[in-house]
file my_file_22.txt (compact mmCIF, C-alpha atoms)
# COMPACT_ATOMS: atom_id res chain seq x y z
CA MET A 1 -16.95 -9.47 13.69
CA LYS A 2 -18.98 -12.21 12.01
CA LYS A 3 -17.28 -11.54 8.68
CA PHE A 4 -13.86 -11.67 10.32
CA ILE A 5 -14.65 -15.07 11.89
CA GLU A 6 -15.83 -16.32 8.50
CA SER A 7 -12.60 -15.12 6.91
CA ILE A 8 -10.56 -16.95 9.56
CA SER A 9 -12.53 -20.15 8.92
CA ASN A 10 -11.91 -19.77 5.19
CA VAL A 11 -8.17 -19.87 5.84
CA TRP A 12 -8.43 -23.51 6.94
CA LYS A 13 -10.42 -24.46 3.84
CA ILE A 14 -7.37 -23.79 1.62
CA GLU A 15 -5.04 -26.77 2.05
CA GLU A 16 -1.86 -25.02 0.88
CA LEU A 17 -2.45 -21.97 3.07
CA LYS A 18 -3.27 -24.13 6.09
CA ASN A 19 -0.06 -26.14 5.66
CA ARG A 20 2.01 -22.97 5.30
CA ILE A 21 0.54 -21.50 8.48
CA LEU A 22 1.15 -24.73 10.43
CA ILE A 23 4.77 -24.88 9.18
CA THR A 24 5.28 -21.26 10.20
CA LEU A 25 3.86 -21.81 13.68
CA GLY A 26 5.93 -24.97 14.13
CA LEU A 27 9.21 -23.30 13.17
CA LEU A 28 8.44 -20.29 15.36
CA LEU A 29 7.78 -22.68 18.26
CA VAL A 30 11.21 -24.26 17.71
CA TYR A 31 12.81 -20.82 17.80
CA ARG A 32 11.03 -19.88 21.03
CA PHE A 33 12.02 -23.20 22.62
CA GLY A 34 15.68 -22.61 21.79
CA ALA A 35 15.50 -19.15 23.39
CA HIS A 36 15.05 -20.87 26.78
CA VAL A 37 17.93 -23.36 26.43
CA THR A 38 20.90 -22.06 28.44
CA LEU A 39 24.44 -22.40 27.14
CA PRO A 40 26.11 -25.61 28.43
CA GLY A 41 28.42 -24.88 31.34
CA ILE A 42 26.34 -22.05 32.87
CA ASP A 43 24.19 -22.38 35.98
CA ALA A 44 20.78 -21.07 34.90
CA THR A 45 19.87 -20.19 38.51
CA GLN A 46 22.61 -17.52 38.69
CA LEU A 47 21.61 -15.27 35.82
CA THR A 48 20.07 -12.47 37.91
CA GLY A 49 23.03 -10.17 37.23
CA LEU A 50 22.62 -10.60 33.47
CA ALA A 51 18.88 -10.01 33.74
CA GLY A 52 19.52 -6.78 35.66
CA GLN A 53 21.95 -5.61 32.96
CA THR A 54 19.26 -5.90 30.28
CA LYS A 55 16.66 -3.73 32.00
CA ASN A 56 17.96 -0.51 30.47
CA GLY A 57 20.18 0.71 27.65
CA LEU A 58 21.39 -1.32 24.71
CA GLY A 59 20.92 -4.57 26.59
CA SER A 60 17.17 -4.02 26.88
CA ILE A 61 16.87 -3.54 23.11
CA LEU A 62 18.94 -6.64 22.33
CA ASP A 63 16.99 -8.65 24.87
CA MET A 64 13.69 -7.50 23.32
CA PHE A 65 14.75 -8.44 19.79
CA THR A 66 15.88 -11.89 20.95
CA GLY A 67 12.75 -12.51 23.00
CA GLY A 68 14.64 -12.70 26.30
CA ALA A 69 17.34 -15.06 24.98
CA PHE A 70 20.07 -12.47 25.59
CA SER A 71 19.33 -12.24 29.33
CA LYS A 72 18.97 -16.04 29.63
CA ALA A 73 22.44 -16.77 28.16
CA SER A 74 20.60 -18.91 25.63
CA VAL A 75 21.96 -20.76 22.62
CA PHE A 76 20.03 -18.11 20.63
CA ALA A 77 21.45 -15.26 22.73
CA LEU A 78 22.62 -13.35 19.65
CA GLY A 79 19.38 -14.14 17.85
CA ILE A 80 18.99 -13.08 14.25
CA MET A 81 20.63 -9.67 14.78
CA PRO A 82 24.00 -10.63 13.20
CA TYR A 83 22.11 -11.51 10.02
CA ILE A 84 20.29 -8.15 10.13
CA SER A 85 23.63 -6.37 10.57
CA ALA A 86 25.15 -8.30 7.66
CA SER A 87 22.16 -7.46 5.44
CA ILE A 88 22.53 -3.75 6.24
CA VAL A 89 26.28 -3.83 5.53
CA VAL A 90 25.79 -5.61 2.18
CA GLN A 91 23.02 -3.20 1.20
CA LEU A 92 25.16 -0.16 1.99
CA MET A 93 28.22 -1.66 0.28
CA GLY A 94 26.09 -2.14 -2.81
CA ILE A 95 26.15 1.64 -3.27
CA ALA A 96 29.94 1.82 -3.64
CA ILE A 97 31.06 -1.62 -4.89
CA PRO A 98 30.44 -2.21 -8.63
CA TYR A 99 30.39 -6.01 -8.21
CA LEU A 100 27.46 -5.85 -5.79
CA GLN A 101 25.71 -3.33 -8.03
CA LYS A 102 25.99 -5.79 -10.92
CA LEU A 103 24.59 -8.59 -8.76
CA GLN A 104 21.63 -6.42 -7.78
CA SER A 105 20.77 -5.95 -11.45
CA ASP A 106 21.20 -9.64 -12.39
CA GLY A 107 17.77 -10.67 -11.15
CA GLU A 108 17.25 -13.99 -9.35
CA SER A 109 20.80 -15.30 -9.88
CA GLY A 110 22.26 -12.08 -8.48
CA ARG A 111 19.92 -12.21 -5.51
CA LYS A 112 21.09 -15.74 -4.66
CA LYS A 113 24.74 -14.66 -4.75
CA ILE A 114 23.98 -11.64 -2.54
CA ASN A 115 22.20 -13.93 -0.07
CA GLN A 116 25.24 -16.20 0.01
CA ILE A 117 27.55 -13.23 0.68
CA THR A 118 25.21 -12.10 3.46
CA ARG A 119 25.32 -15.56 5.06
CA TRP A 120 29.12 -15.64 5.12
CA LEU A 121 29.26 -12.12 6.51
CA THR A 122 26.76 -13.19 9.20
CA ILE A 123 29.19 -15.89 10.33
CA VAL A 124 32.06 -13.37 10.47
CA ILE A 125 29.98 -10.93 12.54
CA THR A 126 28.86 -13.72 14.89
CA LEU A 127 32.47 -14.83 15.38
CA VAL A 128 33.20 -11.30 16.61
CA GLN A 129 30.06 -10.88 18.72
CA GLY A 130 30.27 -14.37 20.26
CA PRO A 131 33.49 -13.85 22.26
CA THR A 132 32.27 -10.34 23.18
CA TYR A 133 29.09 -11.83 24.64
CA ILE A 134 31.09 -14.46 26.59
CA TYR A 135 33.38 -11.73 27.93
CA ASN A 136 30.29 -9.86 29.09
CA LEU A 137 29.19 -13.00 30.93
CA TYR A 138 32.57 -13.13 32.68
CA ARG A 139 32.11 -9.53 33.85
CA THR A 140 28.46 -9.90 34.88
CA LEU A 141 28.03 -13.37 36.40
CA PRO A 142 29.75 -14.72 39.53
CA SER A 143 32.51 -17.27 39.04
CA SER A 144 30.30 -19.95 40.61
CA ALA A 145 27.89 -19.64 37.64
CA PHE A 146 30.46 -21.27 35.33
CA ILE A 147 30.23 -25.00 35.89
CA LEU A 148 33.26 -25.82 33.72
CA GLY A 149 35.35 -23.24 35.51
CA PHE A 150 35.80 -19.49 35.25
CA ASN A 151 37.69 -18.36 32.11
CA SER A 152 38.19 -21.95 30.93
CA PHE A 153 39.14 -22.39 27.29
CA GLU A 154 36.73 -25.32 26.92
CA PHE A 155 33.79 -23.14 27.90
CA LEU A 156 34.89 -20.22 25.71
CA PHE A 157 35.44 -22.36 22.61
CA SER A 158 32.29 -24.45 22.95
CA SER A 159 30.12 -21.43 23.74
CA VAL A 160 31.33 -19.44 20.73
CA VAL A 161 30.70 -22.44 18.46
CA ILE A 162 27.19 -22.86 19.92
CA LEU A 163 26.39 -19.15 19.56
CA VAL A 164 27.52 -19.16 15.92
CA THR A 165 25.54 -22.33 15.27
CA GLY A 166 22.48 -20.86 17.01
CA THR A 167 22.54 -17.77 14.81
CA ILE A 168 22.98 -19.86 11.65
CA PHE A 169 20.13 -22.13 12.73
CA ALA A 170 17.90 -19.11 13.42
CA MET A 171 18.81 -17.75 9.98
CA TRP A 172 17.90 -21.13 8.45
CA LEU A 173 14.56 -21.11 10.29
CA GLY A 174 13.79 -17.67 8.91
CA GLU A 175 14.61 -18.71 5.34
CA LYS A 176 12.50 -21.85 5.65
CA ILE A 177 9.54 -19.82 6.92
CA THR A 178 9.88 -17.52 3.91
CA ASP A 179 10.08 -20.46 1.45
CA LYS A 180 7.67 -22.98 3.00
CA GLY A 181 5.58 -20.86 5.36
CA ILE A 182 3.77 -17.55 5.28
CA GLY A 183 5.28 -14.08 5.66
CA ASN A 184 8.90 -12.95 5.86
CA GLY A 185 10.69 -15.44 8.10
CA ILE A 186 13.43 -13.18 9.47
CA SER A 187 10.92 -10.45 10.33
CA LEU A 188 8.59 -12.96 11.99
CA LEU A 189 11.43 -14.25 14.20
CA ILE A 190 12.08 -10.70 15.39
CA MET A 191 8.36 -10.03 15.90
CA VAL A 192 7.72 -13.13 18.03
CA GLY A 193 10.76 -12.20 20.11
CA ILE A 194 9.26 -8.76 20.74
CA LEU A 195 5.78 -10.15 21.42
CA ALA A 196 7.24 -12.62 23.92
CA ARG A 197 8.05 -9.67 26.22
CA LEU A 198 4.59 -8.09 25.91
CA PRO A 199 2.67 -10.21 28.50
CA GLN A 200 5.33 -9.74 31.19
CA ALA A 201 5.51 -5.99 30.54
CA PHE A 202 1.73 -5.62 30.73
CA ILE A 203 1.51 -7.67 33.94
CA GLN A 204 4.14 -5.44 35.57
CA GLU A 205 2.20 -2.33 34.53
CA PHE A 206 -1.08 -3.87 35.72
CA THR A 207 0.48 -4.72 39.08
CA THR A 208 1.85 -1.21 39.46
CA ARG A 209 -1.41 0.53 38.54
CA VAL A 210 -4.01 -1.72 40.14
CA THR A 211 -2.44 -3.87 42.83
CA ASN A 212 -0.18 -1.11 44.18
CA ASN A 213 -2.93 1.48 43.66
CA ASN A 214 -0.73 3.75 41.56
CA GLY A 215 -3.33 5.44 39.38
CA GLY A 216 -5.94 2.70 39.49
CA PRO A 217 -7.57 0.73 36.68
CA MET A 218 -8.92 3.86 34.98
CA LEU A 219 -5.42 5.11 34.19
CA LEU A 220 -4.53 1.65 32.88
CA VAL A 221 -7.53 1.84 30.52
CA VAL A 222 -6.32 5.26 29.32
CA GLU A 223 -2.88 3.77 28.62
CA ILE A 224 -4.41 0.94 26.58
CA ILE A 225 -6.49 3.44 24.55
CA ILE A 226 -3.37 5.54 23.84
CA TRP A 227 -1.47 2.38 22.90
CA LEU A 228 -4.17 1.39 20.40
CA LEU A 229 -4.16 4.89 18.92
CA VAL A 230 -0.38 4.71 18.48
CA ILE A 231 -0.77 1.34 16.73
CA ILE A 232 -3.34 2.86 14.37
CA SER A 233 -0.93 5.71 13.67
CA CYS A 234 1.83 3.22 12.87
CA VAL A 235 -0.48 1.38 10.48
CA LEU A 236 -1.24 4.65 8.70
CA LEU A 237 2.48 5.47 8.52
CA VAL A 238 3.37 2.06 7.08
CA MET A 239 0.56 1.99 4.49
CA ALA A 240 0.41 5.67 3.47
CA ILE A 241 1.36 6.27 -0.17
CA ARG A 242 1.40 9.15 -2.63
CA LYS A 243 -0.11 8.11 -5.96
CA ILE A 244 1.66 9.53 -9.01
CA PRO A 245 -0.67 9.23 -12.05
CA VAL A 246 0.86 7.51 -15.06
CA GLN A 247 -0.56 7.36 -18.58
CA TYR A 248 0.31 4.85 -21.31
CA ALA A 249 -0.12 5.19 -25.06
CA ARG A 250 -2.68 2.90 -26.65
CA ARG A 251 -2.09 1.84 -30.25
CA THR A 252 -5.19 1.26 -32.40
CA THR A 253 -5.51 0.25 -36.06
CA SER A 254 -7.79 2.10 -38.46
CA GLY A 255 -7.79 1.06 -42.13
CA ASP A 256 -4.26 0.93 -43.55
CA PHE A 257 -2.61 3.09 -40.91
CA GLU A 258 -1.94 3.02 -37.22
CA GLN A 259 -2.72 5.88 -34.93
CA ASP A 260 -1.30 6.47 -31.46
CA MET A 261 -4.08 7.25 -29.05
CA MET A 262 -2.94 8.99 -25.87
CA GLY A 263 -4.73 8.27 -22.63
CA GLY A 264 -5.42 4.58 -23.25
CA ASN A 265 -4.41 3.01 -19.95
CA ARG A 266 -4.19 5.04 -16.76
CA GLN A 267 -2.26 3.73 -13.77
CA TRP A 268 -0.23 5.22 -10.93
CA ILE A 269 3.13 4.87 -9.19
CA PRO A 270 2.87 4.35 -5.40
CA LEU A 271 5.48 6.36 -3.48
CA LYS A 272 5.50 5.39 0.19
CA LEU A 273 5.37 8.08 2.86
CA ASN A 274 7.88 6.05 4.88
CA ALA A 275 9.95 4.33 2.20
CA ALA A 276 12.85 3.76 4.62
CA GLY A 277 10.79 1.64 7.00
CA VAL A 278 12.39 0.99 10.37
CA MET A 279 16.00 1.29 9.15
CA PRO A 280 16.48 4.96 10.20
CA ILE A 281 15.60 4.02 13.79
CA ILE A 282 18.07 1.12 13.72
CA PHE A 283 20.85 3.32 12.31
CA ALA A 284 20.14 6.12 14.79
CA GLN A 285 19.97 3.65 17.69
CA ALA A 286 23.43 2.31 16.80
CA ILE A 287 24.91 5.81 16.60
CA MET A 288 23.40 6.83 19.95
CA PHE A 289 25.57 4.38 21.89
CA ILE A 290 28.84 5.65 20.41
CA PRO A 291 29.10 8.93 22.46
CA ALA A 292 28.62 7.08 25.75
CA ALA A 293 31.16 4.42 24.76
CA VAL A 294 33.78 7.02 23.76
CA ALA A 295 33.13 9.27 26.77
CA GLY A 296 33.37 6.24 29.04
CA LEU A 297 37.07 5.96 28.20
CA SER A 298 37.69 9.18 30.14
CA LYS A 299 37.13 9.73 33.86
CA SER A 300 36.59 13.51 33.70
CA ASP A 301 33.39 15.09 35.01
CA ALA A 302 32.39 16.28 31.52
CA SER A 303 32.80 12.80 30.12
CA GLN A 304 30.75 11.28 32.90
CA SER A 305 27.94 13.78 32.26
CA VAL A 306 27.94 12.74 28.59
CA VAL A 307 27.79 9.08 29.64
CA GLY A 308 24.84 9.84 31.90
CA ALA A 309 22.97 11.80 29.23
CA PHE A 310 23.41 9.21 26.48
CA SER A 311 22.82 6.20 28.72
CA ASN A 312 19.33 7.28 29.71
CA MET A 313 17.06 6.21 26.85
CA PHE A 314 14.18 8.18 28.37
CA GLY A 315 16.09 11.43 28.92
CA PHE A 316 15.43 14.70 27.08
CA TRP A 317 18.82 15.21 25.38
CA TYR A 318 19.07 11.58 24.35
CA ASN A 319 15.69 11.68 22.61
CA LEU A 320 16.31 15.09 21.04
CA VAL A 321 19.49 13.86 19.35
CA PHE A 322 17.82 10.53 18.60
CA ALA A 323 14.88 12.20 16.79
CA THR A 324 17.24 14.45 14.80
CA LEU A 325 19.30 11.47 13.64
CA ILE A 326 16.14 9.63 12.59
CA VAL A 327 15.08 12.55 10.36
CA VAL A 328 18.56 12.70 8.78
CA PHE A 329 18.82 8.94 8.23
CA THR A 330 15.31 8.79 6.79
CA PHE A 331 16.33 11.14 3.99
CA PHE A 332 19.65 9.30 3.53
CA TYR A 333 18.17 5.79 3.40
CA THR A 334 15.29 6.87 1.14
CA ALA A 335 17.76 8.45 -1.27
CA ILE A 336 19.77 5.23 -1.63
CA THR A 337 16.85 2.78 -1.75
CA VAL A 338 14.33 4.60 -3.99
CA PRO A 339 15.91 4.67 -7.49
CA THR A 340 14.02 7.53 -9.12
CA ASN A 341 16.35 7.42 -12.14
CA LYS A 342 15.62 3.73 -12.72
CA MET A 343 11.89 4.32 -12.23
CA SER A 344 12.00 7.05 -14.87
CA ASP A 345 13.93 4.86 -17.33
CA ASP A 346 11.60 1.89 -16.83
CA LEU A 347 8.60 4.15 -17.33
CA LYS A 348 10.05 5.54 -20.55
CA ARG A 349 10.87 2.09 -21.94
CA SER A 350 7.33 0.87 -21.27
CA GLY A 351 5.80 3.83 -23.11
CA GLY A 352 4.44 5.50 -20.02
CA PHE A 353 4.63 9.09 -18.87
CA ILE A 354 3.43 11.35 -16.09
CA PRO A 355 0.85 13.84 -17.46
CA GLY A 356 2.47 17.26 -17.83
CA ILE A 357 6.01 15.92 -17.27
CA ARG A 358 8.40 15.10 -20.09
CA PRO A 359 9.91 11.58 -20.03
CA GLY A 360 13.53 11.19 -19.01
CA VAL A 361 15.39 13.62 -16.77
CA GLU A 362 12.33 15.77 -16.00
CA THR A 363 10.40 12.72 -14.82
CA SER A 364 13.31 11.65 -12.60
CA ASP A 365 13.60 15.15 -11.11
CA TYR A 366 9.84 15.28 -10.53
CA LEU A 367 9.81 11.92 -8.73
CA ASP A 368 12.80 12.96 -6.63
CA LYS A 369 11.06 16.22 -5.68
CA VAL A 370 7.86 14.43 -4.69
CA MET A 371 9.84 11.89 -2.63
CA SER A 372 11.59 14.72 -0.78
CA LEU A 373 8.29 16.48 -0.05
CA ILE A 374 6.57 13.39 1.35
CA THR A 375 9.68 12.09 3.16
CA PHE A 376 9.92 15.17 5.39
CA PRO A 377 6.53 14.72 7.17
CA GLY A 378 7.12 10.97 7.14
CA SER A 379 10.48 11.38 8.89
CA LEU A 380 8.95 13.69 11.52
CA PHE A 381 6.15 11.20 12.17
CA LEU A 382 8.67 8.35 12.42
CA ALA A 383 10.81 10.36 14.85
CA LEU A 384 7.74 11.13 16.98
CA ILE A 385 6.84 7.46 17.19
CA ALA A 386 10.45 6.58 18.04
CA VAL A 387 10.59 8.96 21.03
CA PHE A 388 7.00 8.37 22.16
CA PRO A 389 8.06 5.80 24.82
CA ALA A 390 10.06 8.55 26.55
CA ILE A 391 7.02 10.86 26.35
CA VAL A 392 4.67 8.40 28.06
CA VAL A 393 7.27 7.64 30.74
CA SER A 394 7.70 11.35 31.46
CA LEU A 395 4.02 12.35 31.38
CA MET A 396 2.25 9.23 32.68
CA ASP A 397 4.94 7.49 34.75
CA VAL A 398 4.57 4.28 32.73
CA GLN A 399 6.84 1.33 33.48
CA GLN A 400 9.81 1.40 31.09
CA SER A 401 9.30 -2.20 29.92
CA TRP A 402 5.66 -1.41 29.02
CA ALA A 403 6.58 1.97 27.52
CA MET A 404 8.82 0.26 24.93
CA PHE A 405 5.65 -0.99 23.22
CA PHE A 406 4.30 2.55 22.77
CA GLY A 407 6.64 3.24 19.87
CA GLY A 408 10.19 2.87 18.67
CA THR A 409 11.63 0.03 16.65
CA SER A 410 9.56 -2.68 18.30
CA LEU A 411 6.14 -1.26 17.43
CA ILE A 412 7.09 -0.34 13.85
CA ILE A 413 8.42 -3.88 13.30
CA MET A 414 5.31 -5.52 14.76
CA VAL A 415 2.94 -3.40 12.67
CA GLY A 416 4.94 -3.79 9.46
CA VAL A 417 5.34 -7.57 9.79
CA ALA A 418 1.67 -8.05 10.74
CA ILE A 419 0.50 -6.05 7.71
CA ASP A 420 2.84 -7.95 5.35
CA THR A 421 1.68 -11.34 6.69
CA ILE A 422 -2.01 -10.42 6.45
CA GLN A 423 -1.53 -9.22 2.89
CA GLN A 424 0.03 -12.56 1.92
CA ILE A 425 -2.86 -14.44 3.53
CA ASN A 426 -5.28 -12.14 1.69
CA SER A 427 -3.66 -13.02 -1.64
CA TYR A 428 -4.32 -16.72 -1.02
CA LEU A 429 -7.93 -16.07 0.00
CA LEU A 430 -8.64 -13.82 -2.98
CA ASN A 431 -7.01 -16.26 -5.41
CA LYS A 432 -9.41 -18.92 -4.16
CA HIS A 433 -12.33 -16.47 -4.46
CA TYR A 434 -12.72 -15.84 -0.74
CA ASP A 435 -12.93 -12.42 0.90
CA GLY A 436 -9.70 -11.23 2.51
CA LEU A 437 -9.10 -10.59 6.20
CA MET A 438 -9.22 -6.81 5.67
CA LYS A 439 -12.24 -6.75 3.37
CA SER A 440 -15.86 -7.40 4.23
CA GLY A 441 -18.42 -8.80 1.86
CA LYS A 442 -20.22 -11.93 0.87
CA ASN A 443 -18.12 -15.04 0.43
CA ARG A 444 -17.95 -16.47 -3.02
CA LYS A 445 -17.76 -20.10 -4.00
CA ALA A 446 -14.26 -21.53 -3.66
CA VAL A 447 -12.42 -22.73 -6.72
CA ALA A 448 -10.72 -26.06 -6.36

call {"tool": "encode", "arguments": {"input": "my_file_22.txt", "output": "structure tokens"}}
result
Amino acid sequence: MKKFIESISNVWKIEELKNRILITLGLLLVYRFGAHVTLPGIDATQLTGLAGQTKNGLGSILDMFTGGAFSKASVFALGIMPYISASIVVQLMGIAIPYLQKLQSDGESGRKKINQITRWLTIVITLVQGPTYIYNLYRTLPSSAFILGFNSFEFLFSSVVILVTGTIFAMWLGEKITDKGIGNGISLLIMVGILARLPQAFIQEFTTRVTNNNGGPMLLVVEIIIWLLVIISCVLLVMAIRKIPVQYARRTTSGDFEQDMMGGNRQWIPLKLNAAGVMPIIFAQAIMFIPAAVAGLSKSDASQSVVGAFSNMFGFWYNLVFATLIVVFTFFYTAITVPTNKMSDDLKRSGGFIPGIRPGVETSDYLDKVMSLITFPGSLFLALIAVFPAIVVSLMDVQQSWAMFFGGTSLIIMVGVAIDTIQQINSYLLNKHYDGLMKSGKNRKAVA
């Protein structure tokens, strides 16, 4: 603990790192402030219907990612999710569109053009989601909640413009955090939105267990221990890698001739156990709401049973299909994001090889085989974490709002973003000859 406190104090001794952290905290504070600013023309005291809509289903997920802005009819009600959707669409389109493939291989200039395309697509998506969100307000809130009048064009136009502007501003905040602050800005905006719901969820669970005498404090302690164990499991999932040994030829000079010496430099290629990250959960989550939406168009008994089964996020059939989709999408997303052919070509050009494997096609096939072998247990582990909230609700009768932090997209995002941010802080500390946050040892003298 003493070493950790010393490491924290060392952070403030590095001027650049301190400024980056302060900028990050300031921009995150602006984002959280905007999440509580209600759209002009709406009575903030009459939002109980909207809050009730976001307790379960898709609304609860959107409200969690926006830090409660969705249920508050905030100027940031759509949050950063349109940008995430645009990024996914551009990434998937890059597989089939040659122009985007060329941009991906053009380095920094190509990356800037792809970012610009993503920004424009974000605006298009927000222009579609904005009126949809306003229409949902018309259906959910009483007519008295609209100060400018129910279904007025002035309110519709101004609200859509504000929602689009709010998303663009949130996107700008994320990019500024990435450039001037610490960590990935977009991911940090999502993480603080998720963390904003944590205190309220824990207080509700505490009240249920202790105040209402539903299990007592001992059961609450057991829940916290299980929660910490799940977090540790997520950390292991995010950081687990399979090291592929790589050997490089070393050229030495002896007299008038040169001799190639094999086994000069030994390194390794890190293949992640969960190379797809949280994307399979996001894809699967989007697919899971399609059956209920389609079945809802029919009034038959069979259709209504489908709606009931796929509307309950903590039901058996929902989570069984959900876990299966996660396994499938994990393999799919890993296949399109881990370029084993390119890795093999780069290795061959740099004079490296995997011991016992011939360079070229055999190396590519070997890497693809290893990725398939490690992706299968990784996908099962990811699916287990995704459905774990339903398990704790079923076995321990945990409040649904608190159960959402026992797994799923929210926990994977929090763990991944926290690890990435700590690693960036560590790089600053180690560059200045300080010990990192995740490494103990004696501090060394700082270099100016």

call {"tool": "atom_distance", "arguments": {"input": "my_file_22.txt", "atom1": "atom CA of Gly94 of chain A", "atom2": "atom CA of Ile336 of chain A"}}
result
9.8 Å

call {"tool": "closest_residue", "arguments": {"input": "my_file_22.txt", "among": "A:Leu367, A:Leu198, A:Ala323, A:Ile190", "to": "Ala383 of chain A", "atoms": "all atoms listed in the file"}}
result
A:Ala323

call {"tool": "atom_distance", "arguments": {"input": "my_file_22.txt", "atom1": "atom CA of Glu362 of chain A", "atom2": "atom CA of Lys342 of chain A"}}
result
12.9 Å

call {"tool": "closest_residue", "arguments": {"input": "my_file_22.txt", "among": "A:Ile84, A:Ala386, A:Ile326, A:Met371", "to": "Pro339 of chain A", "atoms": "all atoms listed in the file"}}
result
A:Met371

call {"tool": "residues_around", "arguments": {"input": "my_file_22.txt", "residues": "Ser410 of chain A", "least_positions_apart": "3", "cutoff": "9 Å", "atoms": "all atoms listed in the file", "output": "PyMOL selection string"}}
result
chain A and resi 61+64-65+190-191+194-195+404-407+413-415

call {"tool": "closest_residue", "arguments": {"input": "my_file_22.txt", "among": "A:Ser144, A:Asn136, A:Gln285, A:Gln247", "to": "Trp268 of chain A", "atoms": "all atoms listed in the file"}}
result
A:Gln247

call {"tool": "closest_residue", "arguments": {"input": "my_file_22.txt", "among": "A:Gly416, A:Gly315, A:Gly68, A:Pro131", "to": "Val161 of chain A", "atoms": "all atoms listed in the file"}}
result
A:Pro131

call {"tool": "residues_near_point", "arguments": {"input": "my_file_22.txt", "point": "(24.7, -25.0, 39.3)", "cutoff": "12 Å", "atoms": "all atoms listed in the file", "output": "list in words"}}
result
Thr38, Pro40, Gly41, Ile42, Asp43, Ala44, Thr45, Gln46, Leu47, Pro142, Ser143, Ser144, Ala145, Phe146, Ile147, Leu148 and Gly149 of chain A

call {"tool": "residues_around", "arguments": {"input": "my_file_22.txt", "residues": "Met279 of chain A", "least_positions_apart": "6", "cutoff": "10 Å", "atoms": "all atoms listed in the file", "output": "MDAnalysis selection string"}}
result
chainID A and resid 88 285 326 329:330 333:334 409

call {"tool": "closest_residue", "arguments": {"input": "my_file_22.txt", "among": "A:Ser158, A:Ile385, A:Thr421, A:Tyr248", "to": "Lys348 of chain A", "atoms": "all atoms listed in the file"}}
result
A:Tyr248

call {"tool": "atom_distance", "arguments": {"input": "my_file_22.txt", "atom1": "atom CA of Thr178 of chain A", "atom2": "atom CA of Tyr99 of chain A"}}
result
26.5 Å

call {"tool": "closest_residue", "arguments": {"input": "my_file_22.txt", "among": "A:Ile287, A:Met396, A:Ile80, A:Leu121", "to": "Gly215 of chain A", "atoms": "only C-alpha atoms"}}
result
A:Met396

call {"tool": "residues_around", "arguments": {"input": "my_file_22.txt", "residues": "Ala170 of chain A", "least_positions_apart": "6", "cutoff": "10 Å", "atoms": "all atoms listed in the file", "output": "list in words"}}
result
Leu27, Leu28, Val30, Tyr31, Gly34, Phe76, Leu78, Gly79, Ile80, Met81, Tyr83, Val164, Lys176, Gly185, Ile186 and Leu189 of chain A

call {"tool": "residues_around", "arguments": {"input": "my_file_22.txt", "residues": "Leu373 of chain A", "least_positions_apart": "3", "cutoff": "12 Å", "atoms": "all atoms listed in the file", "output": "PyMOL selection string"}}
result
chain A and resi 242+271-274+331+334+366-370+376-380

call {"tool": "residues_near_point", "arguments": {"input": "my_file_22.txt", "point": "(23.3, 1.4, -14.7)", "cutoff": "10 Å", "atoms": "all atoms listed in the file", "output": "count of residues only"}}
result
5

call {"tool": "residues_around", "arguments": {"input": "my_file_22.txt", "residues": "Val11 of chain A", "least_positions_apart": "6", "cutoff": "7 Å", "atoms": "only C-alpha atoms", "output": "ChimeraX atom specification"}}
result
/A:17-18,429

call {"tool": "build_atoms", "arguments": {"input": "my_file_22.txt", "residues": "segment 377-386 of chain A", "atoms": "N, CA and C atoms", "output": "JSON list (two decimals), in the coordinates of the input"}}
result
[["chain", "number", "residue", "atom", "x", "y", "z"],
["A", 377, "PRO", "N", 7.54, 15.02, 6.13],
["A", 377, "PRO", "CA", 6.53, 14.72, 7.17],
["A", 377, "PRO", "C", 6.61, 13.28, 7.64],
["A", 378, "GLY", "N", 6.98, 12.36, 6.72],
["A", 378, "GLY", "CA", 7.12, 10.97, 7.14],
["A", 378, "GLY", "C", 8.23, 10.78, 8.14],
["A", 379, "SER", "N", 9.35, 11.49, 7.95],
["A", 379, "SER", "CA", 10.48, 11.38, 8.89],
["A", 379, "SER", "C", 10.12, 11.98, 10.25],
["A", 380, "LEU", "N", 9.38, 13.09, 10.24],
["A", 380, "LEU", "CA", 8.95, 13.69, 11.52],
["A", 380, "LEU", "C", 8.01, 12.75, 12.28],
["A", 381, "PHE", "N", 7.09, 12.13, 11.55],
["A", 381, "PHE", "CA", 6.15, 11.20, 12.17],
["A", 381, "PHE", "C", 6.90, 9.99, 12.73],
["A", 382, "LEU", "N", 7.89, 9.49, 11.96],
["A", 382, "LEU", "CA", 8.67, 8.35, 12.42],
["A", 382, "LEU", "C", 9.48, 8.71, 13.66],
["A", 383, "ALA", "N", 10.05, 9.92, 13.68],
["A", 383, "ALA", "CA", 10.81, 10.36, 14.85],
["A", 383, "ALA", "C", 9.91, 10.50, 16.07],
["A", 384, "LEU", "N", 8.68, 10.99, 15.86],
["A", 384, "LEU", "CA", 7.74, 11.13, 16.98],
["A", 384, "LEU", "C", 7.39, 9.77, 17.57],
["A", 385, "ILE", "N", 7.14, 8.80, 16.70],
["A", 385, "ILE", "CA", 6.84, 7.46, 17.19],
["A", 385, "ILE", "C", 8.03, 6.86, 17.92],
["A", 386, "ALA", "N", 9.24, 7.13, 17.43],
["A", 386, "ALA", "CA", 10.45, 6.58, 18.04],
["A", 386, "ALA", "C", 10.68, 7.10, 19.46]]
